[in-house]
>>> print(open('entry_18.txt').read())   # compact mmCIF, C-alpha atoms and all ligand atoms
# COMPACT_ATOMS: atom_id res chain seq x y z
CA MET E 1 129.85 35.88 -99.53
CA GLU E 2 131.88 37.05 -102.56
CA LYS E 3 131.97 40.40 -104.34
CA LEU E 4 130.93 40.11 -108.00
CA GLN E 5 130.93 43.07 -110.40
CA GLN E 6 131.15 46.66 -109.12
CA LEU E 7 127.77 48.36 -109.58
CA TYR E 8 128.57 51.85 -108.37
CA GLU E 9 131.35 54.00 -106.97
CA GLY E 10 130.35 56.96 -104.83
CA LYS E 11 132.48 59.55 -103.05
CA ALA E 12 133.05 57.41 -99.95
CA LYS E 13 131.95 53.86 -100.86
CA LYS E 14 131.88 51.26 -103.61
CA VAL E 15 128.95 48.88 -104.08
CA PHE E 16 129.26 45.36 -105.49
CA ALA E 17 126.75 42.74 -106.65
CA THR E 18 126.70 39.32 -104.98
CA GLU E 19 125.32 35.94 -106.10
CA ASN E 20 122.11 36.84 -104.23
CA PRO E 21 120.10 39.46 -106.20
CA ASP E 22 118.66 40.87 -102.94
CA LEU E 23 122.07 41.48 -101.33
CA LEU E 24 124.94 43.85 -102.06
CA ILE E 25 128.41 44.34 -100.58
CA VAL E 26 129.40 47.89 -99.60
CA SER E 27 133.12 48.70 -99.39
CA TYR E 28 134.14 51.85 -97.47
CA LYS E 29 137.01 54.00 -98.83
CA ASP E 30 139.35 56.45 -97.09
CA ASP E 31 138.50 59.13 -99.69
CA ALA E 32 136.95 62.28 -98.25
CA THR E 33 135.17 65.06 -100.07
CA ALA E 34 133.35 68.18 -98.95
CA PHE E 35 131.34 71.00 -100.54
CA ASN E 36 129.79 68.75 -103.20
CA GLY E 37 133.12 67.19 -104.14
CA GLU E 38 135.02 70.50 -104.54
CA LYS E 39 137.42 69.69 -101.69
CA LYS E 40 139.12 66.30 -101.87
CA GLY E 41 141.43 64.41 -99.54
CA THR E 42 142.19 61.20 -97.72
CA ILE E 43 141.43 60.39 -94.11
CA ILE E 44 143.58 57.36 -93.28
CA GLY E 45 141.49 54.60 -91.68
CA LYS E 46 138.19 56.43 -92.26
CA GLY E 47 136.73 53.51 -94.20
CA VAL E 48 137.31 51.17 -91.27
CA VAL E 49 135.87 53.59 -88.71
CA ASN E 50 132.79 54.40 -90.79
CA ASN E 51 132.08 50.75 -91.63
CA ARG E 52 132.45 49.50 -88.05
CA VAL E 53 130.66 52.46 -86.41
CA THR E 54 127.77 52.34 -88.91
CA ASN E 55 127.26 48.61 -88.37
CA HIS E 56 127.40 48.90 -84.58
CA LEU E 57 124.84 51.73 -84.58
CA MET E 58 122.55 50.05 -87.13
CA GLN E 59 122.43 46.91 -84.97
CA TYR E 60 121.56 49.05 -81.94
CA LEU E 61 118.78 50.76 -83.92
CA GLU E 62 117.44 47.42 -85.26
CA ALA E 63 117.29 46.11 -81.68
CA ASN E 64 115.17 49.17 -80.88
CA GLY E 65 112.62 48.77 -83.66
CA ILE E 66 114.18 50.64 -86.61
CA PRO E 67 114.40 48.50 -89.77
CA THR E 68 117.79 48.88 -91.52
CA HIS E 69 119.59 47.52 -94.58
CA PHE E 70 122.32 45.92 -92.41
CA VAL E 71 122.87 42.17 -92.91
CA GLU E 72 126.41 41.16 -91.95
CA GLU E 73 129.87 42.70 -91.47
CA LEU E 74 132.37 40.81 -93.64
CA ASN E 75 135.57 42.54 -92.54
CA ASP E 76 136.86 45.95 -91.39
CA ARG E 77 135.79 47.74 -94.57
CA GLU E 78 133.09 45.55 -96.14
CA THR E 79 129.48 44.82 -95.21
CA VAL E 80 126.61 42.85 -96.73
CA VAL E 81 123.46 44.96 -96.99
CA LYS E 82 119.99 44.48 -98.46
CA ARG E 83 119.64 45.80 -101.99
CA VAL E 84 117.34 48.81 -101.83
CA GLN E 85 116.13 51.52 -104.13
CA ILE E 86 117.36 54.68 -102.40
CA VAL E 87 114.68 57.29 -101.70
CA PRO E 88 116.41 60.33 -103.28
CA LEU E 89 116.35 62.41 -100.09
CA GLU E 90 118.92 63.36 -97.47
CA VAL E 91 117.06 63.69 -94.18
CA ILE E 92 118.87 66.08 -91.83
CA VAL E 93 118.02 66.03 -88.13
CA ARG E 94 119.20 68.97 -86.01
CA ASN E 95 119.29 69.43 -82.25
CA ILE E 96 121.80 72.30 -82.06
CA ALA E 97 122.36 74.98 -84.71
CA ALA E 98 125.55 74.36 -86.72
CA GLY E 99 126.81 74.32 -90.30
CA SER E 100 124.41 75.43 -93.00
CA LEU E 101 121.50 76.03 -90.59
CA ALA E 102 123.55 78.41 -88.43
CA LYS E 103 124.59 80.27 -91.59
CA ARG E 104 121.11 80.37 -93.16
CA LEU E 105 119.32 81.67 -90.05
CA GLY E 106 122.16 83.79 -88.67
CA LEU E 107 122.51 81.71 -85.49
CA GLU E 108 125.67 81.24 -83.51
CA GLU E 109 126.93 77.64 -83.85
CA GLY E 110 126.02 75.81 -80.66
CA THR E 111 122.64 77.48 -80.14
CA PRO E 112 120.20 74.79 -78.97
CA MET E 113 117.03 74.50 -81.06
CA LYS E 114 113.83 74.66 -78.99
CA ARG E 115 112.47 71.70 -80.97
CA THR E 116 114.17 69.10 -83.17
CA VAL E 117 114.41 70.36 -86.76
CA LEU E 118 113.95 68.04 -89.77
CA GLU E 119 115.14 69.12 -93.20
CA TYR E 120 115.05 67.33 -96.55
CA CYS E 121 117.44 67.73 -99.47
CA TYR E 122 116.88 66.23 -102.91
CA LYS E 123 119.86 63.99 -103.68
CA ASP E 124 121.24 65.37 -106.93
CA ASP E 125 124.93 66.28 -107.17
CA ALA E 126 124.44 68.32 -110.37
CA LEU E 127 121.91 70.52 -108.54
CA GLY E 128 123.99 70.61 -105.32
CA ASP E 129 121.40 68.65 -103.26
CA PRO E 130 118.80 71.47 -103.00
CA MET E 131 116.64 71.72 -99.89
CA VAL E 132 113.02 70.68 -100.53
CA ASN E 133 109.89 70.54 -98.37
CA GLU E 134 107.04 68.01 -98.08
CA TYR E 135 105.13 69.66 -100.91
CA HIS E 136 108.07 69.34 -103.34
CA ILE E 137 108.64 65.72 -102.28
CA LEU E 138 105.01 64.73 -102.94
CA ALA E 139 104.66 66.80 -106.13
CA MET E 140 107.89 65.37 -107.54
CA GLU E 141 107.01 61.85 -106.26
CA TYR E 142 110.37 61.43 -104.51
CA ALA E 143 108.35 59.53 -101.86
CA THR E 144 104.68 58.80 -101.17
CA GLU E 145 102.82 60.46 -98.30
CA GLU E 146 102.87 57.19 -96.37
CA GLU E 147 106.62 56.71 -96.94
CA LEU E 148 107.38 60.29 -95.94
CA LYS E 149 105.43 59.92 -92.69
CA LEU E 150 107.38 56.75 -91.87
CA ILE E 151 110.71 58.39 -92.79
CA ALA E 152 109.98 61.37 -90.51
CA ASP E 153 108.83 59.13 -87.63
CA TYR E 154 111.89 56.87 -87.94
CA SER E 155 114.22 59.89 -88.14
CA LEU E 156 112.87 61.42 -84.91
CA ARG E 157 113.01 58.05 -83.13
CA ILE E 158 116.60 57.51 -84.37
CA ASN E 159 117.46 60.96 -82.97
CA GLU E 160 116.13 59.97 -79.54
CA LEU E 161 117.98 56.65 -79.58
CA LEU E 162 121.30 58.02 -80.85
CA GLY E 163 121.11 61.14 -78.68
CA LYS E 164 120.83 58.96 -75.57
CA TYR E 165 123.51 56.55 -76.81
CA PHE E 166 126.09 59.26 -77.49
CA ALA E 167 125.28 61.23 -74.31
CA GLU E 168 126.40 58.16 -72.35
CA LEU E 169 129.69 58.30 -74.27
CA GLY E 170 130.27 61.97 -73.41
CA VAL E 171 129.34 63.09 -76.93
CA ARG E 172 126.74 65.70 -77.96
CA LEU E 173 124.83 64.71 -81.09
CA ILE E 174 124.52 68.09 -82.80
CA ASP E 175 122.99 67.03 -86.13
CA PHE E 176 123.15 64.20 -88.65
CA LYS E 177 122.05 63.05 -92.09
CA LEU E 178 120.08 59.88 -92.87
CA GLU E 179 119.10 58.09 -96.06
CA PHE E 180 116.34 55.53 -96.49
CA GLY E 181 115.64 52.87 -99.13
CA ARG E 182 112.87 50.57 -100.34
CA THR E 183 113.56 46.82 -100.26
CA SER E 184 112.24 44.58 -103.05
CA ASP E 185 108.87 44.31 -101.23
CA GLY E 186 108.63 48.09 -100.74
CA THR E 187 109.54 48.18 -97.04
CA ILE E 188 111.22 51.43 -95.97
CA VAL E 189 114.56 50.76 -94.21
CA LEU E 190 117.40 52.93 -92.97
CA ALA E 191 120.29 52.74 -95.47
CA ASP E 192 123.68 54.39 -96.18
CA GLU E 193 125.82 55.15 -93.11
CA ILE E 194 125.86 56.77 -89.66
CA SER E 195 129.41 57.92 -89.02
CA PRO E 196 131.63 60.95 -88.33
CA ASP E 197 131.18 61.73 -92.07
CA THR E 198 127.42 62.14 -91.63
CA CYS E 199 127.00 63.37 -88.04
CA ARG E 200 128.31 66.29 -86.01
CA PHE E 201 129.72 65.05 -82.71
CA TRP E 202 131.02 67.47 -80.06
CA ASP E 203 132.85 66.27 -76.96
CA VAL E 204 130.72 67.14 -73.91
CA ALA E 205 133.69 68.01 -71.68
CA THR E 206 135.74 70.18 -74.06
CA GLY E 207 133.39 71.06 -76.94
CA MET E 208 135.97 69.62 -79.34
CA LYS E 209 134.62 68.62 -82.75
CA LEU E 210 134.95 64.85 -83.32
CA ASP E 211 133.65 64.63 -86.90
CA LYS E 212 134.20 65.56 -90.54
CA ASP E 213 134.10 69.30 -89.79
CA ARG E 214 137.79 68.83 -88.84
CA PHE E 215 138.40 67.96 -92.52
CA ARG E 216 135.91 70.45 -93.99
CA ARG E 217 137.39 73.32 -91.95
CA ASP E 218 141.07 72.24 -91.92
CA LEU E 219 141.13 71.93 -88.12
CA GLY E 220 143.75 69.13 -88.03
CA GLY E 221 143.58 65.96 -85.96
CA VAL E 222 141.07 64.41 -88.36
CA GLU E 223 142.18 60.76 -87.98
CA ASP E 224 142.41 61.09 -84.19
CA ALA E 225 138.82 62.37 -84.04
CA TYR E 226 137.48 59.46 -86.14
CA ASN E 227 139.40 56.95 -84.00
CA GLU E 228 138.15 58.58 -80.79
CA ILE E 229 134.52 58.16 -81.94
CA MET E 230 135.14 54.50 -82.83
CA LYS E 231 136.79 53.89 -79.45
CA ARG E 232 133.84 55.43 -77.58
CA VAL E 233 131.17 53.69 -79.69
CA PHE E 234 132.81 50.30 -79.01
CA SER E 235 133.19 51.02 -75.30
CA LYS E 236 129.52 50.03 -74.91
P1 LIG G 1 125.01 71.00 -92.99
O1 LIG G 1 124.98 71.82 -91.75
O2 LIG G 1 126.24 71.21 -93.82
O3 LIG G 1 123.75 71.13 -93.80
O4 LIG G 1 125.08 69.46 -92.52
C1 LIG G 1 124.11 68.91 -91.68
C2 LIG G 1 124.49 67.48 -91.32
O5 LIG G 1 124.44 66.63 -92.44
C3 LIG G 1 125.91 67.35 -90.76
O6 LIG G 1 125.87 66.41 -89.68
C4 LIG G 1 126.72 66.78 -91.89
C5 LIG G 1 125.71 66.02 -92.70
N1 LIG G 1 125.95 66.07 -94.12
C6 LIG G 1 126.16 64.90 -94.84
O7 LIG G 1 126.18 63.81 -94.27
N2 LIG G 1 126.35 65.00 -96.19
C7 LIG G 1 126.33 66.18 -96.87
O8 LIG G 1 126.51 66.18 -98.09
C8 LIG G 1 126.10 67.37 -96.12
C9 LIG G 1 126.07 68.71 -96.80
C10 LIG G 1 125.91 67.27 -94.75
N1 LIG G 2 130.60 64.63 -98.73
C1 LIG G 2 129.81 65.70 -99.25
C2 LIG G 2 130.31 66.18 -100.60
O1 LIG G 2 131.46 66.05 -100.99
C3 LIG G 2 129.67 66.93 -98.42
C4 LIG G 2 130.01 66.96 -96.97
O2 LIG G 2 129.93 65.96 -96.27
O3 LIG G 2 130.34 68.07 -96.51
O4 LIG G 2 129.50 66.73 -101.27
>>> encode(input="entry_18.txt", output="structure tokens", more="lines below")
Ligand code: TMP
Ligand code: ASP
Amino acid sequence: MEKLQQLYEGKAKKVFATENPDLLIVSYKDDATAFNGEKKGTIIGKGVVNNRVTNHLMQYLEANGIPTHFVEELNDRETVVKRVQIVPLEVIVRNIAAGSLAKRLGLEEGTPMKRTVLEYCYKDDALGDPMVNEYHILAMEYATEEELKLIADYSLRINELLGKYFAELGVRLIDFKLEFGRTSDGTIVLADEISPDTCRFWDVATGMKLDKDRFRRDLGGVEDAYNEIMKRVFSK
């Protein structure tokens, strides 16, 4: 399958048309941003890690009943995916308090939540992706009630599946962000990526952060952390 014209360039990926109107090619970049694009940098090899890790995890989720946009990995950085209309929500799933939740509620990072927490943010860079609740989502018609129910159910199921998967690799799944899309027939599928850019991963043995917080917080060892996650994900 060949890339035709570029349709879109985001902060971490480019998207190309193909000869099939229902399929796109995603190309992962090494560019890294944080804080709504205010901080910029490069993480060498990130595109390869995020492409390969995302595809491996999406295939695992598909095999366990979660529909995804994944079609076929073309090479280290490029993947064929179903064309979807993205539901304009970032779904954040949290098991352990960290990042913005720890700050907002005055919790120490690492505090376990007594129940899984789901949060939604409206995807709009100009507004800084504001947090919204179910009422906003329905009133603004970002998703229908039926879609939102499915998105929440899939997100909690994905949390169970990924939590188990990473525990076996000696990694604690602290929190992560998901995006969903509608295919041409309106089916809701998991889209975007699942990678160290979009998850918090802490090593069980040492507590070391193995994700994009190393870039966000200038902790060093960013590339090593991304490679360590890829190595562990492909060990099983
Ligand atoms: P937060 O604690 O900064 O709200 O982040 C929660 C999770 O969502 C964390 O795993 C990182 C991920 N995330 C993204 O994937 N994209 C974003 O733009 C933000 C802010 C967070
Ligand atoms: N990549 C996101 C941005 O630049 C934020 C993040 O992942 O921290 O807005």
>>> closest_residue(input="entry_18.txt", among="E:Leu57, E:Leu190, E:Ala102, E:Met113", to="ligand LIG 1 (chain G)", atoms="only C-alpha atoms and all ligand atoms")
E:Ala102
>>> atom_distance(input="entry_18.txt", atom1="CA of Tyr28 in chain E", atom2="CA of Leu74 in chain E")
11.8 Å
>>> closest_residue(input="entry_18.txt", among="E:Lys29, E:Lys46, E:Lys149, E:Lys39", to="ligand LIG 2 (chain G)", atoms="all atoms listed in the file")
E:Lys39
>>> closest_residue(input="entry_18.txt", among="E:Met131, E:Ala12, E:Ala191, E:Val48", to="ligand LIG 2 (chain G)", atoms="only C-alpha atoms and all ligand atoms")
E:Ala12
>>> residues_near_ligand(input="entry_18.txt", ligand="ligand LIG 2 (chain G)", cutoff="10 Å", atoms="all atoms listed in the file", output="PyMOL selection string")
chain E and resi 10-12+31-40+99+125+128-129+177+196-199+212-213+215-217
